[in-house]
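Q: I am attaching a structure below and will ask some questions about it afterwards.
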Amino acid sequence: MEFKKLDPKKVEIRLDKLINKLQISNKISVQWIKDFIYNFDLPTNQISEKYFGRLTDLLPRDIKDKDFEEALQIFNEAWNCFPQKITGGKSPQDKFFEESKNNKEENRNISKTLTPQEKMIQNHFDYATEHLDEYMDWAFKEVLPKYDSYLKNNKIDRRKERVGVADVFLETCGRLGFFEISNLPPKFLTDFPDMFFEVVKGPKISKKNIALYLNDFLSFVSIYYPKI
């Protein structure tokens, strides 16, 4: 999937329309979001909680699922296309295109000296890089909102913790290029509770509960996405 560069002006317009539609202009503005993104200097593993979590907390409590999904998509676009101080005033998409150009040149030179096994590993990560944006869109714009609604509608307890575990799990799978959840290495699943603690800082969830939440999430995925 080819990543198309977002137009910041168009994203600003979409943000403004969303704010007016949800009637939250007393809590948030386009400029506030741009400033928040520009000054965001926390580690990558805190983006879900500290960026998306902060913004979604400002949404109406009775927001419809469709509007919530739209808000997540627009907040994601804003994150990708607005500049950040931590990267010298460049946006994540600017860094992405810049690094992609450099990596392609480096890979052309490196691939000439790789062993067959190294080439196999390189091909895996090339595939992962090429399809990561497509996977992340699916994971965070479709699966997580649907899972959150599923938990809410079925009145399942500890919804935030469960969604948080699913969030980290999906992002970890994406970063490692494991896009087919039904074919994950068994060791990856058993090791995930330990991996979770390497990524998440803050209120602790027991390893037993992480494994339980993961198992419940995988059951959800097998029902709603049987071909994945």
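All residue names refer to the structure tokens as shown: chains lettered A, B, ... in order, residues numbered from 1 in each chain, ligands numbered from 1 in order.
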Which residues, written as number ranges by chain, have at least one atom at most 10 Å from stretch 159-167 of chain A, with only C-alpha atoms counted and residues fewer than 4 positions away on the same chain left out?

A: A: 48-49, 139-140, 143-145, 147-152, 155, 171-172, 192-193, 196, 200, 203-205, 209-218

Q: Write out the residues from the selection above, keeping N, CA and C atoms, as a short mmCIF file (atom, residue, chain, number, x, y, z; two decimals), in the first residue's frame.

A:
```cif
data_model
loop_
_atom_site.label_atom_id
_atom_site.label_comp_id
_atom_site.auth_asym_id
_atom_site.auth_seq_id
_atom_site.Cartn_x
_atom_site.Cartn_y
_atom_site.Cartn_z
N SER A 48 -0.42 6.21 22.27
CA SER A 48 -1.80 5.73 22.38
C SER A 48 -2.49 6.32 23.59
N GLU A 49 -1.79 6.28 24.74
CA GLU A 49 -2.41 6.76 25.98
C GLU A 49 -2.39 8.27 26.11
N ALA A 139 -6.14 -1.81 12.15
CA ALA A 139 -6.11 -2.12 13.58
C ALA A 139 -6.74 -1.02 14.43
N PHE A 140 -6.36 0.24 14.15
CA PHE A 140 -6.76 1.31 15.06
C PHE A 140 -7.99 2.10 14.61
N VAL A 143 -10.62 -2.20 14.05
CA VAL A 143 -10.69 -3.28 15.04
C VAL A 143 -10.88 -2.77 16.46
N LEU A 144 -10.02 -1.84 16.91
CA LEU A 144 -10.11 -1.37 18.29
C LEU A 144 -11.44 -0.68 18.61
N PRO A 145 -11.92 0.23 17.74
CA PRO A 145 -13.24 0.82 18.03
C PRO A 145 -14.35 -0.23 18.09
N TYR A 147 -13.97 -3.40 18.89
CA TYR A 147 -13.76 -4.18 20.11
C TYR A 147 -14.26 -3.41 21.33
N ASP A 148 -13.98 -2.12 21.36
CA ASP A 148 -14.44 -1.28 22.46
C ASP A 148 -15.98 -1.30 22.53
N SER A 149 -16.63 -1.17 21.37
CA SER A 149 -18.09 -1.21 21.33
C SER A 149 -18.61 -2.57 21.77
N TYR A 150 -17.92 -3.62 21.36
CA TYR A 150 -18.30 -4.99 21.73
C TYR A 150 -18.26 -5.16 23.25
N LEU A 151 -17.19 -4.68 23.87
CA LEU A 151 -17.06 -4.78 25.33
C LEU A 151 -18.14 -3.96 26.03
N LYS A 152 -18.38 -2.77 25.48
CA LYS A 152 -19.38 -1.87 26.08
C LYS A 152 -20.78 -2.47 25.97
N LYS A 155 -21.32 -5.27 28.26
CA LYS A 155 -21.11 -4.89 29.66
C LYS A 155 -20.00 -5.70 30.33
N GLU A 171 -0.35 -3.22 18.00
CA GLU A 171 0.79 -2.40 17.57
C GLU A 171 2.07 -3.23 17.54
N THR A 172 2.26 -4.09 18.53
CA THR A 172 3.45 -4.95 18.55
C THR A 172 3.47 -5.89 17.35
N PHE A 192 4.06 -12.53 25.24
CA PHE A 192 3.46 -11.19 25.16
C PHE A 192 3.29 -10.51 26.52
N PRO A 193 2.83 -11.20 27.59
CA PRO A 193 2.72 -10.50 28.88
C PRO A 193 4.02 -9.83 29.31
N PHE A 196 4.57 -6.81 27.13
CA PHE A 196 3.65 -5.74 27.49
C PHE A 196 4.29 -4.80 28.51
N VAL A 200 4.58 -0.71 28.22
CA VAL A 200 3.65 0.12 28.99
C VAL A 200 4.23 0.48 30.35
N PRO A 203 -0.01 2.23 35.59
CA PRO A 203 -0.74 1.24 36.42
C PRO A 203 -0.48 -0.18 35.94
N LYS A 204 -0.13 -1.06 36.86
CA LYS A 204 0.23 -2.42 36.50
C LYS A 204 -0.99 -3.32 36.35
N ILE A 205 -0.93 -4.18 35.36
CA ILE A 205 -1.92 -5.24 35.19
C ILE A 205 -1.15 -6.54 35.40
N ASN A 209 -3.84 -11.49 34.12
CA ASN A 209 -4.93 -10.75 33.47
C ASN A 209 -4.58 -10.38 32.04
N ILE A 210 -3.31 -10.05 31.78
CA ILE A 210 -2.91 -9.73 30.41
C ILE A 210 -3.15 -10.93 29.51
N ALA A 211 -2.75 -12.10 29.98
CA ALA A 211 -2.96 -13.33 29.21
C ALA A 211 -4.46 -13.60 29.01
N LEU A 212 -5.25 -13.34 30.05
CA LEU A 212 -6.69 -13.54 29.96
C LEU A 212 -7.32 -12.57 28.96
N TYR A 213 -6.94 -11.28 29.07
CA TYR A 213 -7.49 -10.28 28.16
C TYR A 213 -7.08 -10.58 26.72
N LEU A 214 -5.83 -11.02 26.54
CA LEU A 214 -5.36 -11.35 25.19
C LEU A 214 -6.16 -12.51 24.61
N ASN A 215 -6.38 -13.53 25.42
CA ASN A 215 -7.14 -14.69 24.97
C ASN A 215 -8.57 -14.28 24.57
N ASP A 216 -9.20 -13.42 25.37
CA ASP A 216 -10.54 -12.94 25.05
C ASP A 216 -10.54 -12.12 23.75
N PHE A 217 -9.49 -11.30 23.58
CA PHE A 217 -9.41 -10.48 22.36
C PHE A 217 -9.21 -11.36 21.13
N LEU A 218 -8.37 -12.38 21.25
CA LEU A 218 -8.15 -13.29 20.12
C LEU A 218 -9.44 -14.04 19.77
#
```

Q: Mind checking which residues fall within 12 Å of A:Ile13, counting only C-alpha atoms, ignoring those fewer than 3 positions away in the same chain, and posting them as a ChimeraX atom specification?

A: /A:7-10,16-20,29-31,74,77-78

Q: Could you tell me which of A:Leu189, A:Asp94, A:Pro60, A:Phe82 comes closest to A:Ser25 if we count only C-alpha atoms?

A: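 Closest to A:Ser25 of all the choices is A:Pro60.
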
Q: Taking only C-alpha atoms into account, name the residue in A:Phe68, A:Phe178, A:Phe36, A:Tyr224 that is nearest to A:Pro83.

A: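 With only C-alpha atoms as the atom set, the closest residue is A:Phe36.
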
Q: So which residues touch A:Phe97 within 9 Å, counting only C-alpha atoms, skipping near sequence neighbours fewer than 4 positions away, as a list in words?

A: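 Contacts, in chain order: Phe3, Lys5, Pro92, Gln93, Lys101 and Asn102 of chain A.
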
Q: Pick out the closest residue to A:Asp41 from this set: A:Arg61, A:Lys187, A:Lys85, A:Arg54. Count only C-alpha atoms.

A: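 For A:Asp41, the nearest of the candidates is A:Lys85.
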